[in-house]
Structure formats: C-alpha cells, structure tokens
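Structure first, commentary second.
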Amino acid sequence: MSLPMKRILFLFAALGLLAACNKAPVAQINVTVEKAKDSAVVLQKLNFNRLVAVDTIKTDAKGHFNYKVKLSGNDPYFYYLYLGGNPVASMILRPSDKVTINVPASGAFTITGSEESTLFQEVNTAFAEAAADMAAITETVTEETSPAELNALNPQLSKRYIDYKRQAIKHVV
C-alpha cells in the first residue's frame with residue numbers, strides 16, 4: 001500500500017473516531033398519553049433545583065410520540081413530562097435507556113425500560129398514597145372535634161408516616 005493511501009485511510013479512521021467521540025449520549029422515550037391526542041407535551045429536565053424546558057413534542061392522533069433525549073453526560077438525570085401545565089410522568093434517564101411510558105386516561109402511568117425510573121415511580125406512588133391517607137385521616141377534624149378525638153388521631157397519623165418513611169428508606173438504601 002502506498003504512503004498516500006495509508007494517509008487517506010488514517011485520515012478516515014481519525015475522522016470516524018472523532019465523530020464517535022463527539023456523539024452525545026441519548027436515551028429514547030416511547031410515550032403514549034391517552035388524553036393527549038394531537039397535543040403538545042412538554043419535556044422538562046430537573047436542573048439542580050428548578051425545571052428547565054427541553055422541548056415541546058407534538059403527539060399524533062393516538063397521543064403517541066417517540067423522542068431521543070440528548071443527555072448532558074453519562075450520569076442519570078430527572079425528566080418530567082407535562083401536559084397543559086400538569087405533570088403526566090416522571091423518569092430518570094441514563095445513556096442508552098429505551099423507555100416506554102403509557103399514561104391511560106386515569107393518569108396512573110406505567111414505565112418500562114429503566115430500572116431507576118421504575119423505582120422512582122414506586123417512591124412517588126408511595127408518597128402520594130401516604131399523603132392521601134393522611135389527608136383522609138385529618139378530613140374528619142372539624143371545629144367541634146374534641147381534644148380527646150384529636151389525640152386519638154395522632155397514633156394513626158404517626159403510624160402512616162412511619163410506614164411511608166420505612167418504605168422510602170428501603171428505596172434509598
């Protein structure tokens with residue numbers, strides 16, 4: 001092989017390597033939101049302590065879209081989908097994740113393709129259930145509720161809070 005041919009091959013190899021290195025990590029999301037037919041869904045990223053809009057994505061007639069999320073690096077990041085200003089789904093994305101999210105009209109979404117996202121959903125669901133249970137316990141309180149009745153509610157609230165906290169700690173550990 002001649003010297004100019006070797007240089008050309010070396011140049012192509014270097015360009016190929018450079019192109020591979022400059023490729024940003026991505027995660028793919030495949031989303032169906034039943035109540036978002038022909039709608040705009042906003043993808044937001046948690047950037048330290050605030051949400052930053054990444055993109056607005058148009059759904060098809062069935063409320064479906066595919067999207068490649070360009071990630072900032074190899075670390076996991078929190079992302080949220082919003083419809084009409086309301087949260088629809090949350091996820092933790094890592095490079096090469098292929099996540100499928102289904103949001104039925106009831107709003108309780110399912111997520112597959114990311115173990116971190118599944119665990120995150122479990123924590124969020126447990127929190128929402130604990131908050132709803134504690135709100136139901138305190139709904140019975142009125143101005144006519146006696147101090148003895150209020151004291152009787154404390155163990156119920158404490159137990160529910162402790163149960164939730166144990167479950168949350170289990171996920172953290």
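To be explicit about the labels: the chains of the structure tokens are called A, B, and onward in the order shown, and within each one the residues are counted from 1, while ligands get numbers from 1 in the order they are shown.
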Skipping near chain neighbours, those fewer than 2 positions away, what residues fall within 10 Å of A:Leu46 using only C-alpha atoms, listed as a list in words? Gln44, Phe48, Asn49, Arg50, Leu51, Val52, Ala53, Val54, Tyr77, Phe78, Tyr79, Tyr80 and Ile92 of chain A
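The space between atom CA of A:Val88 and atom CA of A:Phe109 spans 7.6 Å.
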Quick one: everything within 12 Å of A:Ser90, counting only C-alpha atoms, minus sequence neighbours fewer than 6 positions away in the same chain. Send it as number ranges by chain. A: 29, 31, 42-46, 77-82, 99-103, 108-112, 114, 116-125
Could you write out that same residue set with N, CA, C and O atoms as a short mmCIF file (atom, residue, chain, number, x, y, z; two decimals), in the first residue's frame?
data_model
loop_
_atom_site.label_atom_id
_atom_site.label_comp_id
_atom_site.auth_asym_id
_atom_site.auth_seq_id
_atom_site.Cartn_x
_atom_site.Cartn_y
_atom_site.Cartn_z
N ILE A 29 -37.27 7.70 24.35
CA ILE A 29 -38.54 7.52 25.06
C ILE A 29 -39.64 7.30 24.03
O ILE A 29 -39.67 7.93 22.98
N VAL A 31 -43.66 7.23 24.12
CA VAL A 31 -44.69 7.67 25.05
C VAL A 31 -46.06 7.64 24.39
O VAL A 31 -46.22 8.05 23.24
N VAL A 42 -44.76 18.76 27.03
CA VAL A 42 -43.51 19.45 27.32
C VAL A 42 -42.60 18.52 28.11
O VAL A 42 -43.00 17.96 29.13
N LEU A 43 -41.38 18.36 27.62
CA LEU A 43 -40.35 17.59 28.31
C LEU A 43 -39.50 18.57 29.11
O LEU A 43 -38.98 19.54 28.55
N GLN A 44 -39.39 18.33 30.42
CA GLN A 44 -38.59 19.20 31.27
C GLN A 44 -37.54 18.38 32.01
O GLN A 44 -37.75 17.21 32.31
N LYS A 45 -36.41 19.04 32.29
CA LYS A 45 -35.30 18.40 32.99
C LYS A 45 -35.11 19.13 34.32
O LYS A 45 -35.17 20.36 34.38
N LEU A 46 -34.87 18.35 35.37
CA LEU A 46 -34.55 18.95 36.66
C LEU A 46 -33.09 19.38 36.63
O LEU A 46 -32.19 18.55 36.50
N TYR A 77 -30.27 11.61 34.94
CA TYR A 77 -30.94 12.90 35.12
C TYR A 77 -32.44 12.68 35.27
O TYR A 77 -33.00 11.75 34.70
N PHE A 78 -33.09 13.59 36.02
CA PHE A 78 -34.52 13.54 36.23
C PHE A 78 -35.22 14.32 35.11
O PHE A 78 -34.86 15.47 34.84
N TYR A 79 -36.21 13.68 34.49
CA TYR A 79 -37.01 14.32 33.45
C TYR A 79 -38.49 14.15 33.78
O TYR A 79 -38.90 13.17 34.40
N TYR A 80 -39.28 15.13 33.33
CA TYR A 80 -40.71 15.13 33.59
C TYR A 80 -41.46 15.49 32.31
O TYR A 80 -41.00 16.33 31.54
N LEU A 81 -42.62 14.88 32.12
CA LEU A 81 -43.49 15.20 31.01
C LEU A 81 -44.69 15.96 31.56
O LEU A 81 -45.29 15.54 32.56
N TYR A 82 -45.03 17.07 30.90
CA TYR A 82 -46.16 17.90 31.31
C TYR A 82 -47.14 18.04 30.15
O TYR A 82 -46.73 18.19 28.99
N VAL A 99 -36.95 3.75 27.03
CA VAL A 99 -38.06 3.81 27.98
C VAL A 99 -39.39 3.85 27.24
O VAL A 99 -39.54 4.58 26.26
N THR A 100 -40.35 3.09 27.76
CA THR A 100 -41.72 3.12 27.25
C THR A 100 -42.62 3.58 28.38
O THR A 100 -42.59 3.01 29.47
N ILE A 101 -43.41 4.62 28.10
CA ILE A 101 -44.33 5.17 29.09
C ILE A 101 -45.73 5.12 28.51
O ILE A 101 -45.96 5.57 27.39
N ASN A 102 -46.67 4.59 29.29
CA ASN A 102 -48.08 4.59 28.91
C ASN A 102 -48.85 5.32 30.00
O ASN A 102 -48.75 4.97 31.18
N VAL A 103 -49.61 6.34 29.57
CA VAL A 103 -50.42 7.12 30.50
C VAL A 103 -51.88 6.96 30.10
O VAL A 103 -52.34 7.59 29.14
N ALA A 108 -52.61 7.24 35.99
CA ALA A 108 -51.60 6.44 36.69
C ALA A 108 -50.70 5.77 35.66
O ALA A 108 -51.04 4.74 35.12
N PHE A 109 -49.55 6.37 35.38
CA PHE A 109 -48.70 5.90 34.28
C PHE A 109 -47.89 4.66 34.64
O PHE A 109 -47.65 4.39 35.81
N THR A 110 -47.50 3.93 33.59
CA THR A 110 -46.58 2.80 33.75
C THR A 110 -45.34 3.11 32.94
O THR A 110 -45.41 3.78 31.92
N ILE A 111 -44.21 2.60 33.44
CA ILE A 111 -42.95 2.87 32.77
C ILE A 111 -42.11 1.60 32.76
O ILE A 111 -42.08 0.87 33.75
N THR A 112 -41.48 1.32 31.62
CA THR A 112 -40.58 0.18 31.49
C THR A 112 -39.33 0.65 30.75
O THR A 112 -39.35 1.67 30.08
N SER A 114 -36.30 1.25 32.22
CA SER A 114 -35.35 1.96 33.07
C SER A 114 -35.63 1.57 34.52
O SER A 114 -36.66 1.93 35.08
N GLU A 116 -34.16 2.60 37.20
CA GLU A 116 -34.19 3.79 38.06
C GLU A 116 -35.55 4.48 37.98
O GLU A 116 -36.09 4.93 38.98
N SER A 117 -36.12 4.56 36.78
CA SER A 117 -37.42 5.20 36.60
C SER A 117 -38.52 4.41 37.29
O SER A 117 -39.43 4.99 37.89
N THR A 118 -38.44 3.09 37.22
CA THR A 118 -39.44 2.25 37.89
C THR A 118 -39.38 2.46 39.40
O THR A 118 -40.41 2.61 40.06
N LEU A 119 -38.17 2.49 39.96
CA LEU A 119 -38.02 2.73 41.40
C LEU A 119 -38.50 4.13 41.78
O LEU A 119 -39.15 4.32 42.81
N PHE A 120 -38.19 5.11 40.94
CA PHE A 120 -38.63 6.48 41.17
C PHE A 120 -40.16 6.56 41.19
O PHE A 120 -40.75 7.23 42.04
N GLN A 121 -40.79 5.85 40.27
CA GLN A 121 -42.25 5.81 40.23
C GLN A 121 -42.81 5.18 41.50
O GLN A 121 -43.80 5.65 42.06
N GLU A 122 -42.18 4.11 41.99
CA GLU A 122 -42.63 3.47 43.22
C GLU A 122 -42.56 4.44 44.40
O GLU A 122 -43.49 4.50 45.22
N VAL A 123 -41.48 5.20 44.50
CA VAL A 123 -41.33 6.17 45.59
C VAL A 123 -42.40 7.26 45.47
O VAL A 123 -43.05 7.62 46.46
N ASN A 124 -42.61 7.78 44.26
CA ASN A 124 -43.63 8.81 44.06
C ASN A 124 -45.03 8.30 44.37
O ASN A 124 -45.84 9.00 44.98
N THR A 125 -45.32 7.07 43.97
CA THR A 125 -46.63 6.47 44.24
C THR A 125 -46.83 6.28 45.74
O THR A 125 -47.90 6.59 46.27
#
Report, in Å with one decimal, the straight-line distance from atom CA of A:Lys62 to atom CA of A:Val33.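 So the answer is 7.9 Å.
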Please return, as a PyMOL selection string, all residues of stretch 82-159 of chain A that DSSP assigns to strand (DSSP E or B) on the basis of the backbone. chain A and resi 82-83+86-93+98-103+110-112
How would the residues just chosen look if you wrote them out with N, CA, C and O atoms as an mmCIF file, in the first residue's frame?
data_model
loop_
_atom_site.group_PDB
_atom_site.id
_atom_site.type_symbol
_atom_site.label_atom_id
_atom_site.label_comp_id
_atom_site.auth_asym_id
_atom_site.auth_seq_id
_atom_site.Cartn_x
_atom_site.Cartn_y
_atom_site.Cartn_z
ATOM 1 N N TYR A 82 -45.033 17.070 30.901
ATOM 2 C CA TYR A 82 -46.163 17.901 31.310
ATOM 3 C C TYR A 82 -47.137 18.040 30.152
ATOM 4 O O TYR A 82 -46.727 18.189 28.991
ATOM 5 N N LEU A 83 -48.411 18.031 30.480
ATOM 6 C CA LEU A 83 -49.476 18.257 29.502
ATOM 7 C C LEU A 83 -50.367 19.358 30.061
ATOM 8 O O LEU A 83 -50.938 19.195 31.148
ATOM 9 N N ASN A 86 -49.687 20.415 33.636
ATOM 10 C CA ASN A 86 -49.831 19.395 34.682
ATOM 11 C C ASN A 86 -48.848 18.252 34.461
ATOM 12 O O ASN A 86 -48.679 17.792 33.330
ATOM 13 N N PRO A 87 -48.233 17.749 35.538
ATOM 14 C CA PRO A 87 -47.299 16.632 35.376
ATOM 15 C C PRO A 87 -48.029 15.367 34.926
ATOM 16 O O PRO A 87 -49.124 15.068 35.396
ATOM 17 N N VAL A 88 -47.419 14.659 33.977
ATOM 18 C CA VAL A 88 -48.013 13.443 33.433
ATOM 19 C C VAL A 88 -47.182 12.225 33.823
ATOM 20 O O VAL A 88 -47.719 11.188 34.177
ATOM 21 N N ALA A 89 -45.853 12.358 33.739
ATOM 22 C CA ALA A 89 -44.965 11.235 34.051
ATOM 23 C C ALA A 89 -43.599 11.782 34.451
ATOM 24 O O ALA A 89 -43.220 12.882 34.061
ATOM 25 N N SER A 90 -42.888 10.981 35.218
ATOM 26 C CA SER A 90 -41.529 11.340 35.631
ATOM 27 C C SER A 90 -40.618 10.152 35.343
ATOM 28 O O SER A 90 -41.056 9.006 35.344
ATOM 29 N N MET A 91 -39.342 10.461 35.105
ATOM 30 C CA MET A 91 -38.407 9.390 34.783
ATOM 31 C C MET A 91 -36.982 9.815 35.116
ATOM 32 O O MET A 91 -36.698 11.004 35.226
ATOM 33 N N ILE A 92 -36.138 8.838 35.268
ATOM 34 C CA ILE A 92 -34.707 9.053 35.421
ATOM 35 C C ILE A 92 -34.063 8.404 34.211
ATOM 36 O O ILE A 92 -34.229 7.208 33.987
ATOM 37 N N LEU A 93 -33.362 9.206 33.423
ATOM 38 C CA LEU A 93 -32.795 8.697 32.177
ATOM 39 C C LEU A 93 -31.277 8.617 32.244
ATOM 40 O O LEU A 93 -30.624 9.504 32.784
ATOM 41 N N LYS A 98 -33.970 2.851 26.837
ATOM 42 C CA LYS A 98 -35.075 2.805 25.885
ATOM 43 C C LYS A 98 -36.338 2.635 26.716
ATOM 44 O O LYS A 98 -36.722 1.529 27.073
ATOM 45 N N VAL A 99 -36.955 3.755 27.030
ATOM 46 C CA VAL A 99 -38.056 3.806 27.982
ATOM 47 C C VAL A 99 -39.391 3.854 27.245
ATOM 48 O O VAL A 99 -39.539 4.578 26.258
ATOM 49 N N THR A 100 -40.352 3.087 27.755
ATOM 50 C CA THR A 100 -41.719 3.124 27.246
ATOM 51 C C THR A 100 -42.624 3.582 28.381
ATOM 52 O O THR A 100 -42.588 3.012 29.474
ATOM 53 N N ILE A 101 -43.411 4.617 28.097
ATOM 54 C CA ILE A 101 -44.328 5.169 29.094
ATOM 55 C C ILE A 101 -45.728 5.124 28.513
ATOM 56 O O ILE A 101 -45.960 5.567 27.385
ATOM 57 N N ASN A 102 -46.667 4.595 29.290
ATOM 58 C CA ASN A 102 -48.077 4.593 28.913
ATOM 59 C C ASN A 102 -48.851 5.323 29.996
ATOM 60 O O ASN A 102 -48.752 4.972 31.178
ATOM 61 N N VAL A 103 -49.610 6.335 29.572
ATOM 62 C CA VAL A 103 -50.415 7.117 30.505
ATOM 63 C C VAL A 103 -51.876 6.961 30.098
ATOM 64 O O VAL A 103 -52.337 7.593 29.140
ATOM 65 N N THR A 110 -47.499 3.925 33.593
ATOM 66 C CA THR A 110 -46.584 2.796 33.751
ATOM 67 C C THR A 110 -45.341 3.109 32.941
ATOM 68 O O THR A 110 -45.411 3.780 31.916
ATOM 69 N N ILE A 111 -44.214 2.603 33.436
ATOM 70 C CA ILE A 111 -42.946 2.871 32.775
ATOM 71 C C ILE A 111 -42.112 1.602 32.762
ATOM 72 O O ILE A 111 -42.078 0.869 33.749
ATOM 73 N N THR A 112 -41.483 1.322 31.617
ATOM 74 C CA THR A 112 -40.580 0.184 31.492
ATOM 75 C C THR A 112 -39.329 0.647 30.753
ATOM 76 O O THR A 112 -39.349 1.671 30.077
#
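Considering the residues A:Thr138, A:Gly73, A:Glu129, A:Asp60 and counting only C-alpha atoms, A:Asn151 has its shortest atom-to-atom contact with A:Thr138.
With distances taken over only C-alpha atoms, A:Tyr161 is the one residue among A:Lys37, A:Lys70, A:Glu149, A:Tyr161 lying closest to A:Asp133.
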A:Gly84, A:Thr145, A:Ala168, A:Gln28: which is nearest A:Ala128, counting only C-alpha atoms?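 Closest to A:Ala128 of all the choices is A:Ala168.
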Nearest residue to A:Gly113 out of A:Asn66, A:Gly85, A:Ala130, A:Arg94, using only C-alpha atoms?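 Smallest separation from A:Gly113 among the options: A:Arg94.
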Given the choices A:Glu144, A:Asp38, A:Thr56, A:Val26, which gets closest to A:Ser72 if the distance is worked out from only C-alpha atoms? A:Val26
Interatomic distance, atom CA of A:Asp55 to atom CA of A:Ala40 (Å, one decimal):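 Pair atom CA of A:Asp55 / atom CA of A:Ala40 returns 9.8 Å.
Each of A:Met134, A:Asn47, A:Val141, A:Val172 was checked against A:Ser158 using only C-alpha atoms; the smallest atom-to-atom distance is that of A:Met134.
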